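**Q** Could you have a look at this structure, given as structure tokens, before my questions?
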Amino acid sequence: MSANQSNQSNQNYLEPVAGMTGAVKRYRLMAILAGVMSLLLWFVDLPVTYLLDNQSWKEAVAWIPFVHGWVYAVYVLTALQFASKAKWPVLKMLGLILAGTLPVASLVTERKVVSQYS
């Protein structure tokens with residue numbers, strides 16, 4: 001493969017693909033939800049559960065890990081769908097999926113995806 005072909009194939013996944021508005025909207029929604037749920041998990045549920053000795057507060061935030069798990073699972077599916085439609089390489093796709101594991105990373109990647117594909 002020549003240098004020109006390699007450069008051209010690297011550029012293909014950087015260019016927006018036509019007909020991706022639905023995938024971008026779905027990814028955007030799930031990235032924001034996953035980011036909010038991750039923030040709630042890290043900065044509300046975990047401190048209340050492990051640092052505070054208040055049973056009623058623990059019961060009040062017990063729903064957060066459950067909802068976070070389901071939201072993250074749907075986030076992974078929408079990230080896979082978006083990345084495959086965008087024809088991203090596997091490593092970039094994995095980066096998008098892993099962005100949902102950190103509290104703010106999914107929100108940052110959502111902004112980058114929307115600015116590039118909208």
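Residues are referred to by chain and number: the chain letter is A, B, ... according to the order shown in the structure tokens, the number counts from 1 in that chain, and ligands are numbered separately from 1 in the order shown.
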Please produce, as a Markdown table, a per-residue contact table for segment 54-92 of chain A versus segment 28-39 of chain A (criterion: any atom at most 12 Å away, only C-alpha atoms considered), showing the nearest atom pair and its distance in Å to one decimal, sorted by chain then residue number.
**A**
| residue | atom | partner | partner_atom | distance |
| --- | --- | --- | --- | --- |
| A:Val61 | CA | A:Met37 | CA | 11.7 |
| A:Trp63 | CA | A:Met37 | CA | 10.7 |
| A:Ile64 | CA | A:Met37 | CA | 7.2 |
| A:Pro65 | CA | A:Met37 | CA | 8.4 |
| A:Phe66 | CA | A:Met37 | CA | 10.1 |
| A:Val67 | CA | A:Met37 | CA | 7.6 |
| A:His68 | CA | A:Met37 | CA | 5.4 |
| A:Gly69 | CA | A:Met37 | CA | 9.0 |
| A:Trp70 | CA | A:Ala34 | CA | 9.4 |
| A:Val71 | CA | A:Ala34 | CA | 5.9 |
| A:Tyr72 | CA | A:Ala34 | CA | 5.8 |
| A:Ala73 | CA | A:Ala34 | CA | 9.3 |
| A:Val74 | CA | A:Met30 | CA | 7.2 |
| A:Tyr75 | CA | A:Met30 | CA | 5.2 |
| A:Val76 | CA | A:Met30 | CA | 8.8 |
| A:Leu77 | CA | A:Met30 | CA | 9.5 |
| A:Thr78 | CA | A:Met30 | CA | 7.2 |
| A:Ala79 | CA | A:Ala31 | CA | 8.4 |
| A:Leu80 | CA | A:Met30 | CA | 11.8 |
| A:Gln81 | CA | A:Met30 | CA | 11.9 |
| A:Phe82 | CA | A:Arg28 | CA | 9.9 |
**Q** With DSSP run on the backbone, what are the alpha helix (DSSP H) residues within segment 13-69 of chain A? I'd like them as a ChimeraX atom specification.
**A** /A:21-40,46-50,55-60,63-69
**Q** What does the file look like for those residues with C-alpha atoms, as a CSV table (one decimal), in the first residue's frame?
**A**
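Writing done, so here's part38.csv:
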chain,number,residue,atom,x,y,z
A,21,THR,CA,-28.1,12.1,11.9
A,22,GLY,CA,-30.1,9.4,13.6
A,23,ALA,CA,-27.0,7.6,14.9
A,24,VAL,CA,-25.5,10.9,16.1
A,25,LYS,CA,-28.7,11.9,17.9
A,26,ARG,CA,-28.9,8.5,19.6
A,27,TYR,CA,-25.2,8.5,20.5
A,28,ARG,CA,-25.6,12.1,21.8
A,29,LEU,CA,-28.5,11.2,24.1
A,30,MET,CA,-26.9,8.1,25.5
A,31,ALA,CA,-23.5,9.9,26.0
A,32,ILE,CA,-25.2,12.6,28.0
A,33,LEU,CA,-27.2,10.1,30.0
A,34,ALA,CA,-24.2,7.9,30.6
A,35,GLY,CA,-22.2,10.9,31.7
A,36,VAL,CA,-24.8,12.1,34.2
A,37,MET,CA,-25.3,8.6,35.6
A,38,SER,CA,-21.5,8.2,35.9
A,39,LEU,CA,-21.3,11.5,37.8
A,40,LEU,CA,-24.1,10.4,40.1
A,46,LEU,CA,-20.2,5.9,46.2
A,47,PRO,CA,-19.5,8.5,48.8
A,48,VAL,CA,-22.9,8.0,50.5
A,49,THR,CA,-22.4,4.2,50.4
A,50,TYR,CA,-18.8,4.0,51.6
A,55,GLN,CA,-28.8,4.0,56.2
A,56,SER,CA,-31.7,6.2,54.9
A,57,TRP,CA,-29.3,8.0,52.5
A,58,LYS,CA,-27.9,4.7,51.3
A,59,GLU,CA,-31.5,3.5,50.6
A,60,ALA,CA,-32.3,6.7,48.8
A,63,TRP,CA,-31.2,3.0,42.5
A,64,ILE,CA,-28.2,4.8,41.0
A,65,PRO,CA,-25.9,1.8,40.3
A,66,PHE,CA,-28.8,-0.2,38.8
A,67,VAL,CA,-29.8,2.6,36.4
A,68,HIS,CA,-26.2,3.4,35.6
A,69,GLY,CA,-25.6,-0.3,34.6
**Q** So the first atom is atom CA of Leu91 of chain A and the second is atom CA of Leu41 of chain A; what is the distance between them in Å, to one decimal place?
**A**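 Interatomic distance, atom CA of Leu91 of chain A to atom CA of Leu41 of chain A: 26.6 Å.
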